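Colleague: I am sharing work.cif, which consists of mmCIF, C-alpha atoms:
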data_my_file
#
loop_
_atom_site.group_PDB
_atom_site.id
_atom_site.type_symbol
_atom_site.label_atom_id
_atom_site.label_comp_id
_atom_site.auth_asym_id
_atom_site.auth_seq_id
_atom_site.Cartn_x
_atom_site.Cartn_y
_atom_site.Cartn_z
ATOM 1 C CA MET Y 1 -37.233 56.058 87.156
ATOM 2 C CA PRO Y 2 -38.000 53.420 84.523
ATOM 3 C CA VAL Y 3 -39.793 54.512 81.407
ATOM 4 C CA PRO Y 4 -43.343 53.069 81.336
ATOM 5 C CA ARG Y 5 -44.016 50.606 78.529
ATOM 6 C CA ARG Y 6 -46.298 51.756 75.755
ATOM 7 C CA PHE Y 7 -48.775 49.288 74.385
ATOM 8 C CA ASP Y 8 -50.173 49.439 70.893
ATOM 9 C CA ARG Y 9 -53.903 49.767 71.512
ATOM 10 C CA SER Y 10 -54.865 49.986 67.848
ATOM 11 C CA LEU Y 11 -57.021 47.183 66.499
ATOM 12 C CA PRO Y 12 -55.285 44.569 64.373
ATOM 13 C CA GLU Y 13 -55.739 44.890 60.666
ATOM 14 C CA ARG Y 14 -58.556 42.727 59.379
ATOM 15 C CA ASP Y 15 -58.724 41.257 55.937
ATOM 16 C CA SER Y 16 -61.353 43.207 54.031
ATOM 17 C CA THR Y 17 -61.906 40.456 51.465
ATOM 18 C CA ARG Y 18 -65.275 38.727 52.020
ATOM 19 C CA ILE Y 19 -65.282 34.945 51.655
ATOM 20 C CA ASN Y 20 -67.863 32.168 52.111
ATOM 21 C CA GLU Y 21 -70.530 33.105 54.730
ATOM 22 C CA ARG Y 22 -69.334 36.724 54.924
ATOM 23 C CA ILE Y 23 -70.829 37.374 51.474
ATOM 24 C CA ARG Y 24 -74.276 38.887 52.228
ATOM 25 C CA VAL Y 25 -75.525 39.789 48.733
ATOM 26 C CA PRO Y 26 -78.465 37.811 47.316
ATOM 27 C CA GLU Y 27 -76.804 36.728 44.079
ATOM 28 C CA VAL Y 28 -73.347 36.733 42.548
ATOM 29 C CA ARG Y 29 -71.671 36.223 39.218
ATOM 30 C CA LEU Y 30 -69.650 33.035 39.685
ATOM 31 C CA ILE Y 31 -66.314 32.164 38.072
ATOM 32 C CA GLY Y 32 -65.193 28.543 38.299
ATOM 33 C CA PRO Y 33 -61.814 27.262 39.527
ATOM 34 C CA ASP Y 34 -60.553 27.020 35.922
ATOM 35 C CA GLY Y 35 -61.495 30.623 35.082
ATOM 36 C CA ASP Y 36 -64.702 29.698 33.231
ATOM 37 C CA GLN Y 37 -67.840 31.709 33.924
ATOM 38 C CA VAL Y 38 -70.559 29.622 35.521
ATOM 39 C CA GLY Y 39 -73.174 32.375 35.462
ATOM 40 C CA ILE Y 40 -75.311 34.343 37.890
ATOM 41 C CA LEU Y 41 -76.315 32.190 40.858
ATOM 42 C CA LYS Y 42 -77.861 32.635 44.260
ATOM 43 C CA THR Y 43 -75.260 33.110 46.978
ATOM 44 C CA ALA Y 44 -76.324 29.906 48.744
ATOM 45 C CA GLU Y 45 -76.045 27.896 45.521
ATOM 46 C CA ALA Y 46 -72.630 29.402 44.773
ATOM 47 C CA LEU Y 47 -71.426 28.558 48.289
ATOM 48 C CA ARG Y 48 -72.701 24.978 47.945
ATOM 49 C CA TYR Y 49 -70.961 24.763 44.538
ATOM 50 C CA ALA Y 50 -67.650 25.766 46.174
ATOM 51 C CA GLN Y 51 -68.047 23.410 49.153
ATOM 52 C CA GLU Y 52 -68.613 20.436 46.839
ATOM 53 C CA ARG Y 53 -65.167 21.059 45.357
ATOM 54 C CA ASP Y 54 -63.556 21.653 48.775
ATOM 55 C CA LEU Y 55 -62.696 25.276 47.869
ATOM 56 C CA ASP Y 56 -63.647 28.787 49.029
ATOM 57 C CA LEU Y 57 -66.025 31.319 47.548
ATOM 58 C CA VAL Y 58 -64.073 34.603 47.337
ATOM 59 C CA GLU Y 59 -65.502 38.005 46.388
ATOM 60 C CA VAL Y 60 -63.080 39.574 43.868
ATOM 61 C CA ALA Y 61 -65.138 42.519 42.533
ATOM 62 C CA PRO Y 62 -67.519 43.802 45.222
ATOM 63 C CA ASP Y 63 -68.441 46.988 43.299
ATOM 64 C CA ALA Y 64 -69.809 45.120 40.274
ATOM 65 C CA LYS Y 65 -73.532 44.447 39.838
ATOM 66 C CA PRO Y 66 -73.939 41.669 40.768
ATOM 67 C CA PRO Y 67 -70.635 41.199 42.643
ATOM 68 C CA VAL Y 68 -68.144 38.835 41.046
ATOM 69 C CA CYS Y 69 -67.025 35.834 43.086
ATOM 70 C CA ARG Y 70 -64.462 33.227 42.279
ATOM 71 C CA ILE Y 71 -63.888 29.696 43.515
ATOM 72 C CA LEU Y 72 -60.333 29.089 44.718
ATOM 73 C CA ASP Y 73 -58.173 27.980 47.661
ATOM 74 C CA TYR Y 74 -58.034 31.216 49.638
ATOM 75 C CA SER Y 75 -55.163 30.221 51.953
ATOM 76 C CA LYS Y 76 -53.003 29.292 48.957
ATOM 77 C CA TYR Y 77 -53.990 32.545 47.240
ATOM 78 C CA LYS Y 78 -52.936 34.607 50.295
ATOM 79 C CA TYR Y 79 -49.633 32.759 50.539
ATOM 80 C CA GLU Y 80 -48.772 33.408 46.876
ATOM 81 C CA GLN Y 81 -49.763 37.055 47.273
ATOM 82 C CA ASN Y 82 -47.420 37.473 50.257
ATOM 83 C CA GLN Y 83 -44.585 35.839 48.335
ATOM 84 C CA ARG Y 84 -45.084 38.228 45.428
ATOM 85 C CA GLN Y 85 -44.995 41.212 47.771
ATOM 86 C CA LYS Y 86 -41.779 39.961 49.386
ATOM 87 C CA ALA Y 87 -40.157 39.511 45.984
ATOM 88 C CA ALA Y 88 -41.225 43.024 44.954
ATOM 89 C CA ARG Y 89 -39.717 44.513 48.130
ATOM 90 C CA LYS Y 90 -36.538 42.513 47.610
ATOM 91 C CA HIS Y 91 -35.933 43.881 44.118
ATOM 92 C CA GLN Y 92 -36.992 47.383 45.082
ATOM 93 C CA GLN Y 93 -34.123 49.760 45.752
ATOM 94 C CA GLN Y 94 -34.387 52.899 47.817
ATOM 95 C CA ILE Y 95 -32.361 55.839 46.542
ATOM 96 C CA THR Y 96 -30.647 57.978 49.148
ATOM 97 C CA ILE Y 97 -29.301 61.459 48.419
ATOM 98 C CA ARG Y 98 -26.219 62.441 50.412
ATOM 99 C CA GLU Y 99 -24.946 66.006 50.667
ATOM 100 C CA ILE Y 100 -21.403 67.202 51.221
ATOM 101 C CA LYS Y 101 -20.273 70.821 51.428
ATOM 102 C CA PHE Y 102 -17.108 72.525 50.176
ATOM 103 C CA ARG Y 103 -15.708 76.007 50.561
ATOM 104 C CA PRO Y 104 -14.099 77.954 47.673
ATOM 105 C CA LYS Y 105 -10.864 78.322 49.708
ATOM 106 C CA ILE Y 106 -10.704 74.670 50.788
ATOM 107 C CA ALA Y 107 -7.235 73.269 51.491
ATOM 108 C CA GLN Y 108 -5.850 70.245 49.663
ATOM 109 C CA HIS Y 109 -6.053 67.848 52.628
ATOM 110 C CA ASP Y 110 -9.657 68.813 53.371
ATOM 111 C CA TYR Y 111 -10.477 68.385 49.684
ATOM 112 C CA ASP Y 112 -8.985 64.862 49.659
ATOM 113 C CA THR Y 113 -10.940 63.898 52.780
ATOM 114 C CA LYS Y 114 -14.266 65.086 51.388
ATOM 115 C CA LYS Y 115 -13.506 63.445 48.058
ATOM 116 C CA SER Y 116 -13.005 60.088 49.815
ATOM 117 C CA HIS Y 117 -16.433 60.514 51.447
ATOM 118 C CA VAL Y 118 -17.997 61.135 48.037
ATOM 119 C CA GLU Y 119 -16.343 57.962 46.690
ATOM 120 C CA ARG Y 120 -17.745 55.950 49.609
ATOM 121 C CA PHE Y 121 -21.263 57.271 48.969
ATOM 122 C CA LEU Y 122 -21.074 56.470 45.260
ATOM 123 C CA LYS Y 123 -19.833 52.917 45.889
ATOM 124 C CA ALA Y 124 -22.871 52.426 48.157
ATOM 125 C CA ARG Y 125 -25.098 53.335 45.143
ATOM 126 C CA ASP Y 126 -26.187 56.664 46.673
ATOM 127 C CA LYS Y 127 -26.527 59.978 44.901
ATOM 128 C CA VAL Y 128 -24.360 62.855 46.145
ATOM 129 C CA LYS Y 129 -25.276 66.539 46.175
ATOM 130 C CA VAL Y 130 -22.081 68.621 46.238
ATOM 131 C CA THR Y 131 -22.517 72.165 47.540
ATOM 132 C CA ILE Y 132 -20.081 75.104 47.437
ATOM 133 C CA MET Y 133 -20.844 77.694 50.141
ATOM 134 C CA PHE Y 134 -19.938 81.341 49.421
ATOM 135 C CA ARG Y 135 -19.677 83.945 52.140
ATOM 136 C CA GLY Y 136 -19.280 87.732 51.916
ATOM 137 C CA ARG Y 137 -17.011 88.834 49.094
ATOM 138 C CA GLU Y 138 -16.555 85.245 47.900
ATOM 139 C CA GLN Y 139 -19.835 85.628 45.982
ATOM 140 C CA ALA Y 140 -18.031 87.916 43.542
ATOM 141 C CA HIS Y 141 -15.952 84.961 42.284
ATOM 142 C CA PRO Y 142 -18.339 82.082 41.505
ATOM 143 C CA GLU Y 143 -15.849 80.712 38.966
ATOM 144 C CA ARG Y 144 -13.698 79.397 41.820
ATOM 145 C CA GLY Y 145 -16.522 77.211 43.092
ATOM 146 C CA GLU Y 146 -17.342 76.022 39.583
ATOM 147 C CA MET Y 147 -13.687 75.120 39.079
ATOM 148 C CA ILE Y 148 -13.730 72.935 42.227
ATOM 149 C CA LEU Y 149 -16.913 71.160 41.142
ATOM 150 C CA ASN Y 150 -15.594 70.450 37.645
ATOM 151 C CA ARG Y 151 -12.344 69.152 39.089
ATOM 152 C CA LEU Y 152 -14.240 66.794 41.426
ATOM 153 C CA ALA Y 153 -16.433 65.497 38.599
ATOM 154 C CA GLU Y 154 -13.379 64.870 36.419
ATOM 155 C CA GLU Y 155 -11.501 62.970 39.131
ATOM 156 C CA LEU Y 156 -14.564 60.787 39.904
ATOM 157 C CA GLY Y 157 -15.371 60.033 36.288
ATOM 158 C CA GLU Y 158 -14.899 56.269 36.792
ATOM 159 C CA LEU Y 159 -17.474 56.105 39.600
ATOM 160 C CA ALA Y 160 -19.989 58.885 38.957
ATOM 161 C CA VAL Y 161 -21.979 60.553 36.245
ATOM 162 C CA VAL Y 162 -22.957 64.221 36.442
ATOM 163 C CA GLU Y 163 -26.762 64.343 36.613
ATOM 164 C CA GLN Y 164 -26.965 68.090 37.187
ATOM 165 C CA ARG Y 165 -24.351 70.593 36.114
ATOM 166 C CA PRO Y 166 -23.175 73.264 38.609
ATOM 167 C CA ILE Y 167 -25.828 75.928 39.071
ATOM 168 C CA GLN Y 168 -25.889 79.014 41.308
ATOM 169 C CA ASP Y 169 -28.617 78.982 43.971
ATOM 170 C CA GLY Y 170 -28.359 82.146 46.063
ATOM 171 C CA ARG Y 171 -25.134 81.960 48.057
ATOM 172 C CA ASN Y 172 -24.608 78.295 47.205
ATOM 173 C CA MET Y 173 -23.586 76.461 44.060
ATOM 174 C CA THR Y 174 -24.766 72.833 43.748
ATOM 175 C CA MET Y 175 -23.998 69.845 41.529
ATOM 176 C CA MET Y 176 -25.646 66.371 41.560
ATOM 177 C CA LEU Y 177 -23.579 63.218 41.080
ATOM 178 C CA GLY Y 178 -25.108 59.777 40.538
ATOM 179 C CA PRO Y 179 -23.588 56.285 40.549
ATOM 180 C CA LEU Y 180 -22.321 55.051 37.222
ATOM 181 C CA ARG Y 181 -24.628 52.813 35.183
ATOM 182 C CA THR Y 182 -23.905 49.099 35.273
ATOM 183 C CA LYS Y 183 -23.895 46.488 32.522
ATOM 184 C CA ASP Y 184 -25.638 43.152 32.881
ATOM 185 C CA ALA Y 185 -24.481 39.824 31.430
ATOM 186 C CA GLU Y 186 -25.978 40.544 27.972
ATOM 187 C CA GLY Y 187 -24.101 43.806 27.671
ATOM 188 C CA ASP Y 188 -27.193 46.086 27.694
ATOM 189 C CA GLU Y 189 -26.833 49.143 29.899
ATOM 190 C CA HIS Y 190 -29.569 49.759 32.446
ATOM 191 C CA HIS Y 191 -29.942 51.582 35.707
ATOM 192 C CA GLU Y 192 -30.489 49.387 38.736
ATOM 193 C CA ASP Y 193 -33.466 51.424 39.934
ATOM 194 C CA ALA Y 194 -35.185 51.441 36.514
ATOM 195 C CA PRO Y 195 -38.901 50.603 37.012
ATOM 196 C CA VAL Y 196 -40.274 47.373 35.561
ATOM 197 C CA SER Y 197 -43.810 47.358 34.213
ATOM 198 C CA LYS Y 198 -46.409 44.943 35.584
ATOM 199 C CA LYS Y 199 -46.783 43.284 32.192
ATOM 200 C CA GLU Y 200 -43.047 42.524 31.962
ATOM 201 C CA ARG Y 201 -42.976 41.270 35.555
ATOM 202 C CA ARG Y 202 -45.968 38.979 34.899
ATOM 203 C CA GLN Y 203 -44.323 37.649 31.738
ATOM 204 C CA GLN Y 204 -41.103 36.922 33.632
ATOM 205 C CA LYS Y 205 -43.008 35.013 36.311
ATOM 206 C CA LEU Y 206 -44.849 32.931 33.713
ATOM 207 C CA GLU Y 207 -41.584 32.054 31.974
ATOM 208 C CA GLU Y 208 -39.927 31.112 35.283
ATOM 209 C CA ARG Y 209 -42.888 28.924 36.268
ATOM 210 C CA ALA Y 210 -42.909 27.167 32.877
ATOM 211 C CA ALA Y 211 -39.169 26.523 33.084
ATOM 212 C CA HIS Y 212 -39.568 25.165 36.622
ATOM 213 C CA ASP Y 213 -42.374 22.787 35.531
ATOM 214 C CA GLU Y 214 -40.331 21.505 32.601
ATOM 215 C CA SER Y 215 -37.301 20.877 34.791
ATOM 216 C CA ALA Y 216 -39.480 19.016 37.328
ATOM 217 C CA ASP Y 217 -41.011 16.747 34.641
ATOM 218 C CA LYS Y 218 -37.787 15.836 32.899
ATOM 219 C CA PRO Y 219 -35.335 13.496 34.637
ATOM 220 C CA ALA Y 220 -32.098 15.022 35.638
ATOM 221 C CA ALA Y 221 -29.758 14.764 32.703
ATOM 222 C CA LYS Y 222 -26.376 13.371 33.378
ATOM 223 C CA LYS Y 223 -23.606 15.801 32.982
ATOM 224 C CA PRO Y 224 -21.335 14.908 30.092
ATOM 225 C CA ALA Y 225 -17.998 13.648 31.213
ATOM 226 C CA ALA Y 226 -15.219 16.086 30.698
ATOM 227 C CA ALA Y 227 -13.251 15.265 27.573
ATOM 228 C CA LYS Y 228 -9.875 13.885 28.442
ATOM 229 C CA PRO Y 229 -6.908 15.354 26.629
ATOM 230 C CA ALA Y 230 -5.665 13.176 23.787
ATOM 231 C CA PRO Y 231 -2.451 11.364 24.681
ATOM 232 C CA ALA Y 232 0.675 12.423 22.877
ATOM 233 C CA PRO Y 233 1.517 10.148 19.901
ATOM 234 C CA GLU Y 234 4.229 7.647 20.732
ATOM 235 C CA PRO Y 235 7.271 7.488 18.440
ATOM 236 C CA VAL Y 236 7.024 4.664 15.907
ATOM 237 C CA THR Y 237 9.883 2.181 16.233
ATOM 238 C CA GLU Y 238 10.640 -0.559 13.710
ATOM 239 C CA PRO Y 239 10.794 -4.085 15.142
ATOM 240 C CA GLU Y 240 14.303 -5.444 15.409
ATOM 241 C CA PRO Y 241 15.027 -8.505 13.171
ATOM 242 C CA GLU Y 242 15.249 -11.770 15.068
ATOM 243 C CA PRO Y 243 18.768 -13.308 15.116
ATOM 244 C CA GLU Y 244 19.228 -16.403 12.921
ATOM 245 C CA PRO Y 245 19.715 -19.679 14.809
ATOM 246 C CA VAL Y 246 23.359 -20.775 14.971
ATOM 247 C CA ALA Y 247 24.216 -24.463 14.569
ATOM 248 C CA GLU Y 248 25.714 -25.891 17.709
ATOM 249 C CA GLU Y 249 29.185 -27.434 17.280
ATOM 250 C CA PRO Y 250 29.861 -30.807 18.908
ATOM 251 C CA VAL Y 251 31.764 -30.561 22.127
ATOM 252 C CA VAL Y 252 35.188 -32.251 21.819
ATOM 253 C CA ALA Y 253 37.014 -33.346 24.916
ATOM 254 C CA GLU Y 254 40.316 -31.646 25.072
ATOM 255 C CA ALA Y 255 43.364 -33.971 25.193
ATOM 256 C CA PRO Y 256 45.631 -33.630 28.180
ATOM 257 C CA PRO Y 257 48.659 -31.544 27.438
ATOM 258 C CA GLU Y 258 51.739 -33.481 26.405
ATOM 259 C CA PRO Y 259 54.665 -33.404 28.840
ATOM 260 C CA GLU Y 260 57.407 -31.195 27.739
ATOM 261 C CA PRO Y 261 60.608 -33.128 26.605
ATOM 262 C CA GLN Y 262 63.364 -32.981 29.151
ATOM 263 C CA ALA Y 263 66.550 -31.420 27.982
ATOM 264 C CA LYS Y 264 69.255 -34.033 27.106
ATOM 265 C CA PRO Y 265 72.531 -33.736 29.018
ATOM 266 C CA ALA Y 266 75.285 -32.312 26.979
ATOM 267 C CA PRO Y 267 77.810 -35.052 25.761
ATOM 268 C CA ALA Y 268 81.102 -35.187 27.631
ATOM 269 C CA LYS Y 269 84.145 -33.939 25.808
ATOM 270 C CA LYS Y 270 86.327 -36.643 24.259
ATOM 271 C CA ALA Y 271 89.494 -37.181 26.094
ATOM 272 C CA ALA Y 272 92.544 -35.986 24.293
ATOM 273 C CA ALA Y 273 94.254 -39.406 24.630
ATOM 274 C CA LYS Y 274 92.433 -42.683 24.656
ATOM 275 C CA LYS Y 275 93.127 -44.862 27.637
ATOM 276 C CA PRO Y 276 94.488 -48.418 26.914
ATOM 277 C CA ALA Y 277 91.855 -51.078 27.192
ATOM 278 C CA ALA Y 278 92.152 -53.282 30.242
ATOM 279 C CA LYS Y 279 92.724 -56.959 29.669
ATOM 280 C CA LYS Y 280 89.957 -59.343 30.524
ATOM 281 C CA PRO Y 281 90.779 -62.153 33.093
ATOM 282 C CA ALA Y 282 91.016 -65.644 31.681
ATOM 283 C CA LYS Y 283 88.230 -68.100 32.293
ATOM 284 C CA ALA Y 284 88.529 -70.855 34.956
ATOM 285 C CA GLY Y 285 88.098 -73.774 32.539
ATOM 286 C CA ALA Y 286 91.010 -72.818 30.442
ATOM 287 C CA ALA Y 287 93.205 -72.767 33.479
ATOM 288 C CA THR Y 288 92.360 -76.312 34.433
ATOM 289 C CA LYS Y 289 93.142 -77.569 30.987
ATOM 290 C CA ALA Y 290 96.546 -76.224 31.052
ATOM 291 C CA SER Y 291 97.397 -77.942 34.267
#
When written as structure tokens, how does the structure in this file appear?

Modeller:
Amino acid sequence: MPVPRRFDRSLPERDSTRINERIRVPEVRLIGPDGDQVGILKTAEALRYAQERDLDLVEVAPDAKPPVCRILDYSKYKYEQNQRQKAARKHQQQITIREIKFRPKIAQHDYDTKKSHVERFLKARDKVKVTIMFRGREQAHPERGEMILNRLAEELGELAVVEQRPIQDGRNMTMMLGPLRTKDAEGDEHHEDAPVSKKERRQQKLEERAAHDESADKPAAKKPAAAKPAPAPEPVTEPEPEPEPVAEEPVVAEAPPEPEPQAKPAPAKKAAAKKPAAKKPAKAGAATKAS
């Protein structure tokens, strides 16, 4: 059978702040939009004064005599109020206390398992309540439980700080461990859940708003170019001397090579005996004369 749906029949929350025509008192003390006091005026005159400036007449102190009203933009005021509440809830941290139980005769493996759970709780920024349970005759030796608690605190010294030393509470012995304090960028130690006063919070908001207005008015400054590394110095080299001009020698045509002299034939050997010279024939004219 399906479960019947349940409807929320409670009336919606109504804003209790009285504005404009909801202000029923005969006269009010009026504060202008700049925070200056205008004076005590009739409610109708104060409403007309607000309508001329296109703003709302808001009752800020209904218990005063006469009630104090202020001229402002109510929708903008509600929006800024909601934003402040969201920011406060965002920075607010809820502290959770975890509890884990040991026995005085706990084995090593069980001790390591429970120790890992304690480390996980501390890393999640939770406080851990460590309890040693004694039963029967174990109550006669509370030093064993205290020894286990001191050993656990010593081994978790990098993550936890002992907020409450081991104390005996009936049949149980308890010790409180808290997460280690953190350091911010300036190096000042503070606890994350440390409360901030309203005055400090208001001062921080004013400084943030002033810084935002200044950054909006000033033009965006150009980021300086990253400095380039200086180039390595080049080795200095002396210029080489220019070669002197050499006078050109006239080109002389080479003569053709002379023919090599042919070897003369060796002279024939003289004959050992000279041959007798042959007689020349007589001429024809001499022959005719003789005849």

Colleague: Measuring atom to atom with only C-alpha atoms, identify which of Y:Lys127, Y:Arg181, Y:Lys115, Y:Arg135 is nearest to Ile148 of chain Y.

Modeller: Y:Lys115

Colleague: Can you pull out the residues contacting segment 55-59 of chain Y? Cut-off 9 Å, using all atoms listed in the file, and skip same-chain residues under 6 positions away; I want them as a PyMOL selection string.

Modeller: chain Y and resi 17-21+23+28+30+33+46-47+49+67-74

Colleague: Using C-alpha atoms, can you write the selected residues to a file as a PDB file, keeping the file's coordinate frame?

Modeller:
ATOM      1  CA  THR Y  17     -61.906  40.456  51.465  1.00  0.00           C
ATOM      2  CA  ARG Y  18     -65.275  38.727  52.020  1.00  0.00           C
ATOM      3  CA  ILE Y  19     -65.282  34.945  51.655  1.00  0.00           C
ATOM      4  CA  ASN Y  20     -67.863  32.168  52.111  1.00  0.00           C
ATOM      5  CA  GLU Y  21     -70.530  33.105  54.730  1.00  0.00           C
ATOM      6  CA  ILE Y  23     -70.829  37.374  51.474  1.00  0.00           C
ATOM      7  CA  VAL Y  28     -73.347  36.733  42.548  1.00  0.00           C
ATOM      8  CA  LEU Y  30     -69.650  33.035  39.685  1.00  0.00           C
ATOM      9  CA  PRO Y  33     -61.814  27.262  39.527  1.00  0.00           C
ATOM     10  CA  ALA Y  46     -72.630  29.402  44.773  1.00  0.00           C
ATOM     11  CA  LEU Y  47     -71.426  28.558  48.289  1.00  0.00           C
ATOM     12  CA  TYR Y  49     -70.961  24.763  44.538  1.00  0.00           C
ATOM     13  CA  PRO Y  67     -70.635  41.199  42.643  1.00  0.00           C
ATOM     14  CA  VAL Y  68     -68.144  38.835  41.046  1.00  0.00           C
ATOM     15  CA  CYS Y  69     -67.025  35.834  43.086  1.00  0.00           C
ATOM     16  CA  ARG Y  70     -64.462  33.227  42.279  1.00  0.00           C
ATOM     17  CA  ILE Y  71     -63.888  29.696  43.515  1.00  0.00           C
ATOM     18  CA  LEU Y  72     -60.333  29.089  44.718  1.00  0.00           C
ATOM     19  CA  ASP Y  73     -58.173  27.980  47.661  1.00  0.00           C
ATOM     20  CA  TYR Y  74     -58.034  31.216  49.638  1.00  0.00           C
TER      21      TYR Y  74
END

Colleague: Separation of atom CA of Ile97 of chain Y and atom CA of Phe134 of chain Y, in Å?

Modeller: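 Atom CA of Phe134 of chain Y lies at a distance of 22.0 Å from atom CA of Ile97 of chain Y.
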
Colleague: Provide the atom CA of Glu163 of chain Y to atom CA of His109 of chain Y distance in Å, to one decimal place.

Modeller: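 Calculated distance between atom CA of Glu163 of chain Y and atom CA of His109 of chain Y is 26.4 Å.
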
Colleague: Care to translate the PyMOL selection byres ((chain Y and resi 126) around 12) into actual residues of this file, as an NGL selection string?

Modeller: :Y and (93-99 or 117-125 or 127-129 or 159-161 or 176-180 or 192-193)

Colleague: What is the distance between atom CA of Gln204 of chain Y and atom CA of Lys78 of chain Y, in Å to one decimal?

Modeller: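 For atom CA of Gln204 of chain Y relative to atom CA of Lys78 of chain Y, the distance reads 20.6 Å.
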
Colleague: How would segment 143-162 of chain Y read, as an mmCIF file, in the frame of the given file, once N, CA and C atoms are built in?

Modeller:
data_model
loop_
_atom_site.group_PDB
_atom_site.id
_atom_site.type_symbol
_atom_site.label_atom_id
_atom_site.label_comp_id
_atom_site.auth_asym_id
_atom_site.auth_seq_id
_atom_site.Cartn_x
_atom_site.Cartn_y
_atom_site.Cartn_z
ATOM 1 N N GLU Y 143 -16.623 81.622 39.826
ATOM 2 C CA GLU Y 143 -15.849 80.712 38.966
ATOM 3 C C GLU Y 143 -14.932 79.810 39.788
ATOM 4 N N ARG Y 144 -14.556 80.236 40.986
ATOM 5 C CA ARG Y 144 -13.698 79.397 41.820
ATOM 6 C C ARG Y 144 -14.457 78.158 42.310
ATOM 7 N N GLY Y 145 -15.721 78.366 42.688
ATOM 8 C CA GLY Y 145 -16.522 77.211 43.092
ATOM 9 C C GLY Y 145 -16.810 76.274 41.930
ATOM 10 N N GLU Y 146 -17.089 76.859 40.765
ATOM 11 C CA GLU Y 146 -17.342 76.022 39.583
ATOM 12 C C GLU Y 146 -16.092 75.224 39.195
ATOM 13 N N MET Y 147 -14.920 75.826 39.393
ATOM 14 C CA MET Y 147 -13.687 75.120 39.079
ATOM 15 C C MET Y 147 -13.502 73.914 40.008
ATOM 16 N N ILE Y 148 -13.853 74.059 41.279
ATOM 17 C CA ILE Y 148 -13.730 72.935 42.227
ATOM 18 C C ILE Y 148 -14.699 71.819 41.865
ATOM 19 N N LEU Y 149 -15.925 72.191 41.492
ATOM 20 C CA LEU Y 149 -16.913 71.160 41.142
ATOM 21 C C LEU Y 149 -16.505 70.415 39.877
ATOM 22 N N ASN Y 150 -16.025 71.116 38.878
ATOM 23 C CA ASN Y 150 -15.594 70.450 37.645
ATOM 24 C C ASN Y 150 -14.399 69.545 37.893
ATOM 25 N N ARG Y 151 -13.499 69.981 38.758
ATOM 26 C CA ARG Y 151 -12.344 69.152 39.089
ATOM 27 C C ARG Y 151 -12.787 67.863 39.804
ATOM 28 N N LEU Y 152 -13.742 67.975 40.718
ATOM 29 C CA LEU Y 152 -14.240 66.794 41.426
ATOM 30 C C LEU Y 152 -14.936 65.834 40.470
ATOM 31 N N ALA Y 153 -15.739 66.364 39.557
ATOM 32 C CA ALA Y 153 -16.433 65.497 38.599
ATOM 33 C C ALA Y 153 -15.445 64.799 37.669
ATOM 34 N N GLU Y 154 -14.377 65.480 37.306
ATOM 35 C CA GLU Y 154 -13.379 64.870 36.419
ATOM 36 C C GLU Y 154 -12.608 63.758 37.132
ATOM 37 N N GLU Y 155 -12.267 63.975 38.403
ATOM 38 C CA GLU Y 155 -11.501 62.970 39.131
ATOM 39 C C GLU Y 155 -12.347 61.750 39.488
ATOM 40 N N LEU Y 156 -13.664 61.902 39.579
ATOM 41 C CA LEU Y 156 -14.564 60.787 39.904
ATOM 42 C C LEU Y 156 -15.297 60.272 38.675
ATOM 43 N N GLY Y 157 -14.701 60.454 37.522
ATOM 44 C CA GLY Y 157 -15.371 60.033 36.288
ATOM 45 C C GLY Y 157 -15.584 58.545 36.181
ATOM 46 N N GLU Y 158 -14.745 57.726 36.865
ATOM 47 C CA GLU Y 158 -14.899 56.269 36.792
ATOM 48 C C GLU Y 158 -16.000 55.752 37.696
ATOM 49 N N LEU Y 159 -16.452 56.564 38.658
ATOM 50 C CA LEU Y 159 -17.474 56.105 39.600
ATOM 51 C C LEU Y 159 -18.799 56.841 39.455
ATOM 52 N N ALA Y 160 -18.788 58.049 38.922
ATOM 53 C CA ALA Y 160 -19.989 58.885 38.957
ATOM 54 C C ALA Y 160 -20.279 59.456 37.586
ATOM 55 N N VAL Y 161 -21.538 59.831 37.424
ATOM 56 C CA VAL Y 161 -21.979 60.553 36.245
ATOM 57 C C VAL Y 161 -22.665 61.831 36.728
ATOM 58 N N VAL Y 162 -22.405 62.924 36.035
ATOM 59 C CA VAL Y 162 -22.957 64.221 36.442
ATOM 60 C C VAL Y 162 -24.409 64.286 35.979
#
